[in-house]
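A.B. asks: Before I ask anything, let me first share the structure, which is written out below as structure tokens.
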Amino acid sequence: MFTSKIKEAMKNKGITIRDLVAETGLSSKTINKARQDDNIAECRLSTLGRIAQALEVGTKDLYYEDKGEYQCEESPRSK
């Protein structure tokens with residue numbers, strides 16, 4: 001499971017969604033999606049990179065990954 005830390009980073013930098021839209025060229029819908037825990041895993045790396053650059057943080061600083069909840073399933077080809 002991934003937890004978005006974008007809201008926290010925005011708060012720490014004093015940056016609004018409107019500021020991120022202007023800085024990244026992304027839509028407010030895309031930024032809002034990335035700010036939600038359930039949706040950050042669906043974001044493209046290039047999108048997260050643009051947000052990270054605007055916030056002056058590393059891309060990995062935008063989310064937290066709880067590695068304990070994942071179980072890898074075998075693909076049918078590997079059997």
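To be explicit about the labels: the chains of the structure tokens are called A, B, and onward in the order shown, and within each one the residues are counted from 1, while ligands get numbers from 1 in the order they are shown.
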I want to know what sits within 9 Å of Ala9 (chain A), based on only C-alpha atoms, with residues of the same chain fewer than 3 positions away left out; could you give that as a short mmCIF file (atom, residue, chain, number, x, y, z; two decimals) with N, CA and C atoms, in the first residue's frame?
C.D. replies:
```
data_model
loop_
_atom_site.label_atom_id
_atom_site.label_comp_id
_atom_site.auth_asym_id
_atom_site.auth_seq_id
_atom_site.Cartn_x
_atom_site.Cartn_y
_atom_site.Cartn_z
N LYS A 5 2.34 11.50 0.44
CA LYS A 5 2.88 12.52 1.33
C LYS A 5 2.90 13.88 0.64
N ILE A 6 2.16 14.00 -0.46
CA ILE A 6 2.15 15.24 -1.22
C ILE A 6 1.50 16.36 -0.43
N ASN A 12 4.30 21.92 4.07
CA ASN A 12 5.62 22.32 4.54
C ASN A 12 6.23 23.44 3.70
N LYS A 13 5.94 23.44 2.41
CA LYS A 13 6.49 24.45 1.50
C LYS A 13 5.56 25.65 1.33
N GLY A 14 4.34 25.57 1.87
CA GLY A 14 3.38 26.66 1.71
C GLY A 14 2.89 26.80 0.28
N ILE A 15 2.74 25.67 -0.41
CA ILE A 15 2.34 25.65 -1.82
C ILE A 15 0.91 25.15 -1.94
N LEU A 55 8.03 20.91 -5.86
CA LEU A 55 8.09 20.98 -4.40
C LEU A 55 9.53 20.97 -3.88
N VAL A 57 11.65 18.45 -3.77
CA VAL A 57 11.91 17.25 -2.98
C VAL A 57 12.19 16.11 -3.95
N ASP A 61 10.16 11.08 -1.85
CA ASP A 61 9.65 11.81 -0.69
C ASP A 61 8.16 12.10 -0.80
N LEU A 62 7.55 11.75 -1.92
CA LEU A 62 6.13 12.04 -2.14
C LEU A 62 5.21 10.93 -1.66
#
```
A.B. asks: When you count only C-alpha atoms, which of these residues is closest to Met10 (chain A): A:Gly25, A:Arg44, A:Ala52, A:Lys67?
C.D. replies: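 Among the listed residues, A:Ala52 lies closest to Met10 (chain A).
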A.B. asks: Per DSSP on the backbone, filter chain A down to the residues in strand (DSSP E) and report them as a count of residues only.
C.D. replies: 6
A.B. asks: Would you please work out which residue, of A:Asn39, A:Glu8, A:Tyr64, A:Leu20, is nearest to Ile51 (chain A) when using only C-alpha atoms?
C.D. replies: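 Of all the options, A:Leu20 lies closest to Ile51 (chain A).
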A.B. asks: Taking the DSSP secondary structure from the backbone, can you list the residues of region 26-76 of chain A that are helix (DSSP H, G or I), as a count of residues only?
C.D. replies: 31
A.B. asks: Name the residues in contact with Phe2 (chain A) at a cut-off of 12 Å, using only C-alpha atoms, excluding same-chain residues fewer than 5 positions from it; report them as a ChimeraX atom specification.
C.D. replies: /A:34-43,60-70
A.B. asks: What separation in Å, quoted to one decimal, exists between CA of Lys7 (chain A) and CA of Ser46 (chain A)?
C.D. replies: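 For CA of Lys7 (chain A) relative to CA of Ser46 (chain A), the distance reads 18.3 Å.
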